[in-house]
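A short worksheet on the structure shown next.
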Amino acid sequence: MEVLRIESFESKIEGYIGILKEYPDGLGIRIDIASQYKEIGDLDNALRYYEEYMKLKGIGGLSEEPKSESDFNMGEVISSSTEEVVIKTLEGDTATFKVPKWGNKDGSYTPDKEISEMTQKLDKGKKVKITWNKIEGQKVIQDIEILKKQ
């Protein structure tokens, strides 16, 4: 019976990996694959897919060192939407930050609800500190802090 159970999990994993090939940025599918590997006791592969998920989500891997302080910008909001925030940095440059997106099983993507809600509260001219990670060449928001007037 144990062999049939493992074969069933391996079959599911193969299916999920096929989906991942079609949608390489899919976050949710990585969690599904990791969970299946965990169920059959293959912790090395489970950890691999959990770490891929964390890296794409912008929260670093389990074995990575903490991000340096250089991964943030402070400035004044120029524009903000559920998809991105544009600020004028203290240095006078313009910087664009993307809201992270979750991959759905159907291949579509949904903006991160918590961060999207934060971006909707940002009015033009508001002073902010945006902590970010670089993913596929884009600055992806990890956290937004509204700065108090000084």
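Quick note on naming: the chains in the structure tokens go A, B, ... in the order shown, residues restart at 1 in each chain, and ligands are numbered from 1 in order of appearance.
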
Worksheet item: So which residues touch Lys88 (chain A) within 7 Å, counting only C-alpha atoms, skipping near sequence neighbours fewer than 5 positions away, as a list in words?
Response: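 The filter keeps Gly75, Glu76, Val77, Ile78, Asp93, Thr94 and Ala95 of chain A.
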
Keeping all heavy atoms for every residue in the selection just given, could you write it to a file as a tab-separated table (two decimals), in the first residue's frame?
chain	number	residue	atom	x	y	z
A	75	GLY	N	11.51	58.29	-0.21
A	75	GLY	CA	11.18	59.39	-1.09
A	75	GLY	C	9.72	59.78	-0.99
A	75	GLY	O	9.02	59.38	-0.07
A	76	GLU	N	9.31	60.55	-1.98
A	76	GLU	CA	7.96	61.10	-2.02
A	76	GLU	C	7.17	60.42	-3.14
A	76	GLU	O	7.65	60.30	-4.27
A	76	GLU	CB	8.08	62.60	-2.30
A	76	GLU	CG	6.81	63.36	-2.18
A	76	GLU	CD	7.08	64.86	-2.32
A	76	GLU	OE1	7.78	65.42	-1.46
A	76	GLU	OE2	6.58	65.42	-3.31
A	77	VAL	N	5.95	60.00	-2.83
A	77	VAL	CA	5.12	59.29	-3.80
A	77	VAL	C	4.74	60.22	-4.95
A	77	VAL	O	4.25	61.33	-4.74
A	77	VAL	CB	3.84	58.74	-3.12
A	77	VAL	CG1	2.90	58.12	-4.15
A	77	VAL	CG2	4.20	57.73	-2.04
A	78	ILE	N	5.00	59.74	-6.16
A	78	ILE	CA	4.57	60.46	-7.37
A	78	ILE	C	3.24	59.88	-7.83
A	78	ILE	O	2.31	60.60	-8.16
A	78	ILE	CB	5.63	60.33	-8.50
A	78	ILE	CG1	6.92	61.04	-8.08
A	78	ILE	CG2	5.09	60.89	-9.81
A	78	ILE	CD1	8.07	60.83	-9.05
A	93	ASP	N	16.11	61.04	-7.98
A	93	ASP	CA	15.80	60.10	-9.06
A	93	ASP	C	14.35	59.63	-8.94
A	93	ASP	O	13.73	59.73	-7.89
A	93	ASP	CB	16.73	58.88	-8.99
A	93	ASP	CG	18.19	59.25	-9.13
A	93	ASP	OD1	18.50	60.17	-9.92
A	93	ASP	OD2	19.02	58.62	-8.45
A	94	THR	N	13.84	59.08	-10.02
A	94	THR	CA	12.53	58.44	-10.00
A	94	THR	C	12.74	56.93	-9.93
A	94	THR	O	13.56	56.39	-10.67
A	94	THR	CB	11.73	58.80	-11.28
A	94	THR	OG1	11.59	60.22	-11.34
A	94	THR	CG2	10.37	58.16	-11.27
A	95	ALA	N	12.02	56.26	-9.02
A	95	ALA	CA	12.14	54.81	-8.87
A	95	ALA	C	10.75	54.19	-8.90
A	95	ALA	O	9.81	54.71	-8.30
A	95	ALA	CB	12.85	54.46	-7.57

Residues within 7 Å of region 120-135 of chain A, please, as a PDB file with all heavy atoms, in the first residue's frame. Count only C-alpha atoms; anything in the same chain fewer than 6 positions from it doesn't count.
ATOM      1  N   LEU A  56      11.013  33.956  -5.120  1.00  0.00           N
ATOM      2  CA  LEU A  56      10.099  34.657  -6.034  1.00  0.00           C
ATOM      3  C   LEU A  56       9.163  35.597  -5.282  1.00  0.00           C
ATOM      4  O   LEU A  56       8.797  36.658  -5.785  1.00  0.00           O
ATOM      5  CB  LEU A  56       9.281  33.657  -6.849  1.00  0.00           C
ATOM      6  CG  LEU A  56      10.020  32.957  -7.976  1.00  0.00           C
ATOM      7  CD1 LEU A  56       9.162  31.853  -8.568  1.00  0.00           C
ATOM      8  CD2 LEU A  56      10.427  33.944  -9.053  1.00  0.00           C
ATOM      9  N   GLY A  58       9.953  37.212  -2.792  1.00  0.00           N
ATOM     10  CA  GLY A  58      10.736  38.365  -2.386  1.00  0.00           C
ATOM     11  C   GLY A  58      11.085  38.378  -0.918  1.00  0.00           C
ATOM     12  O   GLY A  58      11.380  39.425  -0.356  1.00  0.00           O
ATOM     13  N   ASP A  71      18.776  47.669   0.228  1.00  0.00           N
ATOM     14  CA  ASP A  71      17.584  47.240  -0.487  1.00  0.00           C
ATOM     15  C   ASP A  71      16.343  48.015  -0.069  1.00  0.00           C
ATOM     16  O   ASP A  71      15.285  47.468   0.147  1.00  0.00           O
ATOM     17  CB  ASP A  71      17.360  45.735  -0.294  1.00  0.00           C
ATOM     18  CG  ASP A  71      18.375  44.899  -1.032  1.00  0.00           C
ATOM     19  OD1 ASP A  71      19.128  45.457  -1.837  1.00  0.00           O
ATOM     20  OD2 ASP A  71      18.403  43.693  -0.804  1.00  0.00           O
ATOM     21  N   PHE A  72      16.494  49.338   0.080  1.00  0.00           N
ATOM     22  CA  PHE A  72      15.334  50.180   0.343  1.00  0.00           C
ATOM     23  C   PHE A  72      15.577  51.558  -0.260  1.00  0.00           C
ATOM     24  O   PHE A  72      16.708  51.935  -0.548  1.00  0.00           O
ATOM     25  CB  PHE A  72      15.023  50.285   1.844  1.00  0.00           C
ATOM     26  CG  PHE A  72      15.986  51.140   2.624  1.00  0.00           C
ATOM     27  CD1 PHE A  72      15.797  52.506   2.735  1.00  0.00           C
ATOM     28  CD2 PHE A  72      17.081  50.567   3.257  1.00  0.00           C
ATOM     29  CE1 PHE A  72      16.692  53.295   3.447  1.00  0.00           C
ATOM     30  CE2 PHE A  72      17.962  51.347   3.974  1.00  0.00           C
ATOM     31  CZ  PHE A  72      17.774  52.710   4.068  1.00  0.00           C
ATOM     32  N   ASN A  73      14.497  52.259  -0.505  1.00  0.00           N
ATOM     33  CA  ASN A  73      14.556  53.640  -0.976  1.00  0.00           C
ATOM     34  C   ASN A  73      13.561  54.457  -0.169  1.00  0.00           C
ATOM     35  O   ASN A  73      12.493  53.961   0.193  1.00  0.00           O
ATOM     36  CB  ASN A  73      14.201  53.759  -2.458  1.00  0.00           C
ATOM     37  CG  ASN A  73      15.283  53.249  -3.360  1.00  0.00           C
ATOM     38  OD1 ASN A  73      15.239  52.104  -3.794  1.00  0.00           O
ATOM     39  ND2 ASN A  73      16.275  54.072  -3.642  1.00  0.00           N
ATOM     40  N   MET A  74      13.913  55.710   0.064  1.00  0.00           N
ATOM     41  CA  MET A  74      12.994  56.639   0.711  1.00  0.00           C
ATOM     42  C   MET A  74      12.727  57.774  -0.265  1.00  0.00           C
ATOM     43  O   MET A  74      13.599  58.132  -1.052  1.00  0.00           O
ATOM     44  CB  MET A  74      13.580  57.181   2.008  1.00  0.00           C
ATOM     45  CG  MET A  74      13.740  56.103   3.058  1.00  0.00           C
ATOM     46  SD  MET A  74      14.101  56.684   4.724  1.00  0.00           S
ATOM     47  CE  MET A  74      15.586  57.616   4.496  1.00  0.00           C
ATOM     48  N   GLY A  75      11.513  58.289  -0.210  1.00  0.00           N
ATOM     49  CA  GLY A  75      11.181  59.388  -1.091  1.00  0.00           C
ATOM     50  C   GLY A  75       9.725  59.784  -0.989  1.00  0.00           C
ATOM     51  O   GLY A  75       9.021  59.384  -0.069  1.00  0.00           O
ATOM     52  N   GLU A  76       9.307  60.548  -1.984  1.00  0.00           N
ATOM     53  CA  GLU A  76       7.963  61.102  -2.025  1.00  0.00           C
ATOM     54  C   GLU A  76       7.171  60.416  -3.138  1.00  0.00           C
ATOM     55  O   GLU A  76       7.654  60.296  -4.265  1.00  0.00           O
ATOM     56  CB  GLU A  76       8.081  62.600  -2.301  1.00  0.00           C
ATOM     57  CG  GLU A  76       6.815  63.360  -2.176  1.00  0.00           C
ATOM     58  CD  GLU A  76       7.076  64.859  -2.317  1.00  0.00           C
ATOM     59  OE1 GLU A  76       7.781  65.418  -1.457  1.00  0.00           O
ATOM     60  OE2 GLU A  76       6.575  65.424  -3.305  1.00  0.00           O
ATOM     61  N   VAL A  77       5.955  60.000  -2.829  1.00  0.00           N
ATOM     62  CA  VAL A  77       5.118  59.293  -3.797  1.00  0.00           C
ATOM     63  C   VAL A  77       4.742  60.220  -4.949  1.00  0.00           C
ATOM     64  O   VAL A  77       4.251  61.326  -4.737  1.00  0.00           O
ATOM     65  CB  VAL A  77       3.835  58.737  -3.121  1.00  0.00           C
ATOM     66  CG1 VAL A  77       2.898  58.117  -4.151  1.00  0.00           C
ATOM     67  CG2 VAL A  77       4.201  57.732  -2.036  1.00  0.00           C
ATOM     68  N   ILE A  78       5.003  59.742  -6.162  1.00  0.00           N
ATOM     69  CA  ILE A  78       4.572  60.458  -7.369  1.00  0.00           C
ATOM     70  C   ILE A  78       3.242  59.879  -7.832  1.00  0.00           C
ATOM     71  O   ILE A  78       2.309  60.605  -8.161  1.00  0.00           O
ATOM     72  CB  ILE A  78       5.632  60.328  -8.498  1.00  0.00           C
ATOM     73  CG1 ILE A  78       6.920  61.038  -8.082  1.00  0.00           C
ATOM     74  CG2 ILE A  78       5.088  60.891  -9.811  1.00  0.00           C
ATOM     75  CD1 ILE A  78       8.073  60.830  -9.050  1.00  0.00           C
ATOM     76  N   SER A  79       3.169  58.539  -7.853  1.00  0.00           N
ATOM     77  CA  SER A  79       1.917  57.872  -8.208  1.00  0.00           C
ATOM     78  C   SER A  79       1.894  56.492  -7.551  1.00  0.00           C
ATOM     79  O   SER A  79       2.933  55.933  -7.213  1.00  0.00           O
ATOM     80  CB  SER A  79       1.772  57.736  -9.727  1.00  0.00           C
ATOM     81  OG  SER A  79       2.750  56.858 -10.246  1.00  0.00           O
ATOM     82  N   SER A  80       0.673  55.966  -7.405  1.00  0.00           N
ATOM     83  CA  SER A  80       0.510  54.675  -6.744  1.00  0.00           C
ATOM     84  C   SER A  80      -0.740  53.989  -7.280  1.00  0.00           C
ATOM     85  O   SER A  80      -1.763  54.631  -7.508  1.00  0.00           O
ATOM     86  CB  SER A  80       0.385  54.900  -5.233  1.00  0.00           C
ATOM     87  OG  SER A  80       0.249  53.688  -4.560  1.00  0.00           O
ATOM     88  N   SER A  81      -0.631  52.677  -7.501  1.00  0.00           N
ATOM     89  CA  SER A  81      -1.779  51.890  -7.949  1.00  0.00           C
ATOM     90  C   SER A  81      -1.683  50.504  -7.310  1.00  0.00           C
ATOM     91  O   SER A  81      -0.757  50.238  -6.549  1.00  0.00           O
ATOM     92  CB  SER A  81      -1.772  51.766  -9.473  1.00  0.00           C
ATOM     93  OG  SER A  81      -0.716  50.922  -9.896  1.00  0.00           O
ATOM     94  N   THR A  82      -2.608  49.633  -7.649  1.00  0.00           N
ATOM     95  CA  THR A  82      -2.555  48.265  -7.114  1.00  0.00           C
ATOM     96  C   THR A  82      -1.426  47.461  -7.750  1.00  0.00           C
ATOM     97  O   THR A  82      -1.110  46.377  -7.286  1.00  0.00           O
ATOM     98  CB  THR A  82      -3.887  47.528  -7.338  1.00  0.00           C
ATOM     99  OG1 THR A  82      -4.165  47.508  -8.743  1.00  0.00           O
ATOM    100  CG2 THR A  82      -5.025  48.191  -6.586  1.00  0.00           C
ATOM    101  N   ILE A 141       8.223  45.171  -4.255  1.00  0.00           N
ATOM    102  CA  ILE A 141       7.988  45.654  -2.899  1.00  0.00           C
ATOM    103  C   ILE A 141       7.924  44.498  -1.906  1.00  0.00           C
ATOM    104  O   ILE A 141       7.217  43.520  -2.113  1.00  0.00           O
ATOM    105  CB  ILE A 141       6.672  46.450  -2.826  1.00  0.00           C
ATOM    106  CG1 ILE A 141       6.722  47.646  -3.778  1.00  0.00           C
ATOM    107  CG2 ILE A 141       6.381  46.903  -1.389  1.00  0.00           C
ATOM    108  CD1 ILE A 141       5.377  48.336  -3.980  1.00  0.00           C
ATOM    109  N   GLN A 142       8.654  44.671  -0.810  1.00  0.00           N
ATOM    110  CA  GLN A 142       8.583  43.742   0.309  1.00  0.00           C
ATOM    111  C   GLN A 142       7.784  44.383   1.449  1.00  0.00           C
ATOM    112  O   GLN A 142       7.006  43.732   2.118  1.00  0.00           O
ATOM    113  CB  GLN A 142       9.982  43.370   0.777  1.00  0.00           C
ATOM    114  CG  GLN A 142      10.004  42.366   1.903  1.00  0.00           C
ATOM    115  CD  GLN A 142      11.420  41.991   2.292  1.00  0.00           C
ATOM    116  OE1 GLN A 142      12.378  42.422   1.674  1.00  0.00           O
ATOM    117  NE2 GLN A 142      11.541  41.211   3.329  1.00  0.00           N
ATOM    118  N   ASP A 143       7.997  45.704   1.641  1.00  0.00           N
ATOM    119  CA  ASP A 143       7.292  46.414   2.712  1.00  0.00           C
ATOM    120  C   ASP A 143       7.253  47.911   2.390  1.00  0.00           C
ATOM    121  O   ASP A 143       8.152  48.419   1.701  1.00  0.00           O
ATOM    122  CB  ASP A 143       7.987  46.188   4.055  1.00  0.00           C
ATOM    123  CG  ASP A 143       7.196  46.730   5.224  1.00  0.00           C
ATOM    124  OD1 ASP A 143       5.955  46.598   5.231  1.00  0.00           O
ATOM    125  OD2 ASP A 143       7.810  47.304   6.140  1.00  0.00           O
ATOM    126  N   ILE A 144       6.235  48.584   2.887  1.00  0.00           N
ATOM    127  CA  ILE A 144       6.120  50.036   2.734  1.00  0.00           C
ATOM    128  C   ILE A 144       5.898  50.630   4.120  1.00  0.00           C
ATOM    129  O   ILE A 144       5.037  50.182   4.865  1.00  0.00           O
ATOM    130  CB  ILE A 144       4.931  50.432   1.836  1.00  0.00           C
ATOM    131  CG1 ILE A 144       5.088  49.814   0.439  1.00  0.00           C
ATOM    132  CG2 ILE A 144       4.795  51.953   1.748  1.00  0.00           C
ATOM    133  CD1 ILE A 144       3.869  49.996  -0.443  1.00  0.00           C
ATOM    134  N   GLU A 145       6.701  51.629   4.441  1.00  0.00           N
ATOM    135  CA  GLU A 145       6.558  52.336   5.702  1.00  0.00           C
ATOM    136  C   GLU A 145       6.267  53.792   5.391  1.00  0.00           C
ATOM    137  O   GLU A 145       7.019  54.439   4.652  1.00  0.00           O
ATOM    138  CB  GLU A 145       7.859  52.211   6.505  1.00  0.00           C
ATOM    139  CG  GLU A 145       7.840  52.913   7.831  1.00  0.00           C
ATOM    140  CD  GLU A 145       9.178  52.816   8.564  1.00  0.00           C
ATOM    141  OE1 GLU A 145      10.012  51.958   8.209  1.00  0.00           O
ATOM    142  OE2 GLU A 145       9.386  53.636   9.477  1.00  0.00           O
ATOM    143  N   ILE A 146       5.181  54.307   5.939  1.00  0.00           N
ATOM    144  CA  ILE A 146       4.855  55.721   5.753  1.00  0.00           C
ATOM    145  C   ILE A 146       5.630  56.491   6.812  1.00  0.00           C
ATOM    146  O   ILE A 146       5.561  56.197   7.999  1.00  0.00           O
ATOM    147  CB  ILE A 146       3.332  55.962   5.887  1.00  0.00           C
ATOM    148  CG1 ILE A 146       2.605  55.174   4.778  1.00  0.00           C
ATOM    149  CG2 ILE A 146       3.010  57.447   5.821  1.00  0.00           C
ATOM    150  CD1 ILE A 146       1.105  55.180   4.891  1.00  0.00           C
ATOM    151  N   LEU A 147       6.409  57.476   6.351  1.00  0.00           N
ATOM    152  CA  LEU A 147       7.261  58.245   7.242  1.00  0.00           C
ATOM    153  C   LEU A 147       6.493  59.425   7.837  1.00  0.00           C
ATOM    154  O   LEU A 147       5.715  60.071   7.137  1.00  0.00           O
ATOM    155  CB  LEU A 147       8.506  58.731   6.508  1.00  0.00           C
ATOM    156  CG  LEU A 147       9.363  57.622   5.879  1.00  0.00           C
ATOM    157  CD1 LEU A 147      10.487  58.232   5.053  1.00  0.00           C
ATOM    158  CD2 LEU A 147       9.920  56.684   6.941  1.00  0.00           C
TER     159      LEU A 147
END

Practice prompt. Between CA of Pro111 (chain A) and CA of Val99 (chain A), measure the distance and give it in Å to one decimal.
Written response: 6.3 Å

Item to complete: For CA of Thr96 (chain A) and CA of Lys113 (chain A), quote the distance in Å rounded to one decimal.
Response: 18.8 Å

Item to complete: Return the single residue from A:Thr119, A:Glu114, A:Gly107, A:Glu10 that is closest to Asp42 (chain A), with distances computed using only C-alpha atoms.
Response: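 Of A:Thr119, A:Glu114, A:Gly107, A:Glu10, the one nearest Asp42 (chain A), counting only C-alpha atoms, is A:Glu10.
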
Item to complete: Give the strand (DSSP E) residues of region 6-85 of chain A, as DSSP finds them on the backbone, and put them as a VMD selection string.
Response: chain A and resid 72 to 80 84 to 85

Keeping only C-alpha atoms, take the residues you just selected and write them out as an mmCIF file, in the first residue's frame.
data_model
loop_
_atom_site.group_PDB
_atom_site.id
_atom_site.type_symbol
_atom_site.label_atom_id
_atom_site.label_comp_id
_atom_site.auth_asym_id
_atom_site.auth_seq_id
_atom_site.Cartn_x
_atom_site.Cartn_y
_atom_site.Cartn_z
ATOM 1 C CA PHE A 72 15.334 50.180 0.343
ATOM 2 C CA ASN A 73 14.556 53.640 -0.976
ATOM 3 C CA MET A 74 12.994 56.639 0.711
ATOM 4 C CA GLY A 75 11.181 59.388 -1.091
ATOM 5 C CA GLU A 76 7.963 61.102 -2.025
ATOM 6 C CA VAL A 77 5.118 59.293 -3.797
ATOM 7 C CA ILE A 78 4.572 60.458 -7.369
ATOM 8 C CA SER A 79 1.917 57.872 -8.208
ATOM 9 C CA SER A 80 0.510 54.675 -6.744
ATOM 10 C CA GLU A 84 3.123 49.674 -8.668
ATOM 11 C CA VAL A 85 4.404 52.693 -6.766
#

Worksheet item: What are the DSSP helix (DSSP H, G or I) residues of region 9-117 of chain A, as JSON, numbers by chain?
Response: {"A": [9, 10, 11, 12, 13, 14, 15, 16, 17, 18, 19, 20, 21, 22, 28, 29, 30, 31, 32, 33, 34, 35, 36, 37, 38, 39, 43, 44, 45, 46, 47, 48, 49, 50, 51, 52, 53, 54, 55, 56, 57, 113, 114, 115, 116, 117]}

Saved selection, atoms kept: C-alpha atoms, as a PDB file, in the first residue's frame:
ATOM      1  CA  PHE A   9       2.244  11.486  -4.927  1.00  0.00           C
ATOM      2  CA  GLU A  10       4.968  11.145  -7.568  1.00  0.00           C
ATOM      3  CA  SER A  11       2.304  11.247 -10.282  1.00  0.00           C
ATOM      4  CA  LYS A  12       0.876  14.462  -8.785  1.00  0.00           C
ATOM      5  CA  ILE A  13       4.376  15.950  -8.600  1.00  0.00           C
ATOM      6  CA  GLU A  14       4.982  15.189 -12.287  1.00  0.00           C
ATOM      7  CA  GLY A  15       1.710  16.917 -13.155  1.00  0.00           C
ATOM      8  CA  TYR A  16       2.579  19.971 -11.075  1.00  0.00           C
ATOM      9  CA  ILE A  17       6.059  20.169 -12.618  1.00  0.00           C
ATOM     10  CA  GLY A  18       4.428  20.106 -16.054  1.00  0.00           C
ATOM     11  CA  ILE A  19       2.287  23.085 -15.044  1.00  0.00           C
ATOM     12  CA  LEU A  20       5.364  24.845 -13.666  1.00  0.00           C
ATOM     13  CA  LYS A  21       7.106  24.466 -17.040  1.00  0.00           C
ATOM     14  CA  GLU A  22       4.203  26.339 -18.652  1.00  0.00           C
ATOM     15  CA  GLY A  28       1.321  28.601  -5.650  1.00  0.00           C
ATOM     16  CA  ILE A  29       2.402  25.646  -7.756  1.00  0.00           C
ATOM     17  CA  ARG A  30       5.793  25.623  -5.996  1.00  0.00           C
ATOM     18  CA  ILE A  31       4.034  25.274  -2.633  1.00  0.00           C
ATOM     19  CA  ASP A  32       1.965  22.399  -4.056  1.00  0.00           C
ATOM     20  CA  ILE A  33       5.098  20.619  -5.299  1.00  0.00           C
ATOM     21  CA  ALA A  34       6.929  21.189  -1.993  1.00  0.00           C
ATOM     22  CA  SER A  35       3.952  19.806  -0.056  1.00  0.00           C
ATOM     23  CA  GLN A  36       3.852  16.676  -2.192  1.00  0.00           C
ATOM     24  CA  TYR A  37       7.579  16.071  -1.721  1.00  0.00           C
ATOM     25  CA  LYS A  38       7.174  16.600   2.030  1.00  0.00           C
ATOM     26  CA  GLU A  39       4.374  13.990   2.137  1.00  0.00           C
ATOM     27  CA  LEU A  43      12.733  16.850   2.268  1.00  0.00           C
ATOM     28  CA  ASP A  44      15.597  17.965   0.005  1.00  0.00           C
ATOM     29  CA  ASN A  45      13.239  18.552  -2.922  1.00  0.00           C
ATOM     30  CA  ALA A  46      10.559  20.000  -0.618  1.00  0.00           C
ATOM     31  CA  LEU A  47      13.072  22.527   0.697  1.00  0.00           C
ATOM     32  CA  ARG A  48      14.190  23.350  -2.850  1.00  0.00           C
ATOM     33  CA  TYR A  49      10.660  24.299  -3.936  1.00  0.00           C
ATOM     34  CA  TYR A  50       9.924  26.187  -0.698  1.00  0.00           C
ATOM     35  CA  GLU A  51      13.102  28.220  -1.243  1.00  0.00           C
ATOM     36  CA  GLU A  52      12.168  28.945  -4.886  1.00  0.00           C
ATOM     37  CA  TYR A  53       8.781  30.149  -3.642  1.00  0.00           C
ATOM     38  CA  MET A  54      10.361  32.392  -1.018  1.00  0.00           C
ATOM     39  CA  LYS A  55      12.834  33.855  -3.489  1.00  0.00           C
ATOM     40  CA  LEU A  56      10.099  34.657  -6.034  1.00  0.00           C
ATOM     41  CA  LYS A  57       7.888  36.049  -3.274  1.00  0.00           C
ATOM     42  CA  LYS A 113      -3.426  41.586  -1.207  1.00  0.00           C
ATOM     43  CA  GLU A 114      -1.621  43.096   1.801  1.00  0.00           C
ATOM     44  CA  ILE A 115       0.853  45.146  -0.221  1.00  0.00           C
ATOM     45  CA  SER A 116      -1.783  46.150  -2.758  1.00  0.00           C
ATOM     46  CA  GLU A 117      -3.920  47.511   0.090  1.00  0.00           C
TER      47      GLU A 117
END

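Minimum atom-to-atom distance to Lys139 (chain A), evaluated using only C-alpha atoms, belongs to A:Pro100 out of A:Glu91, A:Pro100, A:Leu27, A:Asp112.
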
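Among the candidates A:Ser108, A:Met118, A:Lys98, A:Gly41, the residue lying nearest to Gln138 (chain A) is A:Lys98 (atoms considered: only C-alpha atoms).
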
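Considering only C-alpha atoms, the residue among A:Phe97, A:Thr89, A:Gly137, A:Tyr109 positioned nearest to Asp25 (chain A) is A:Tyr109.
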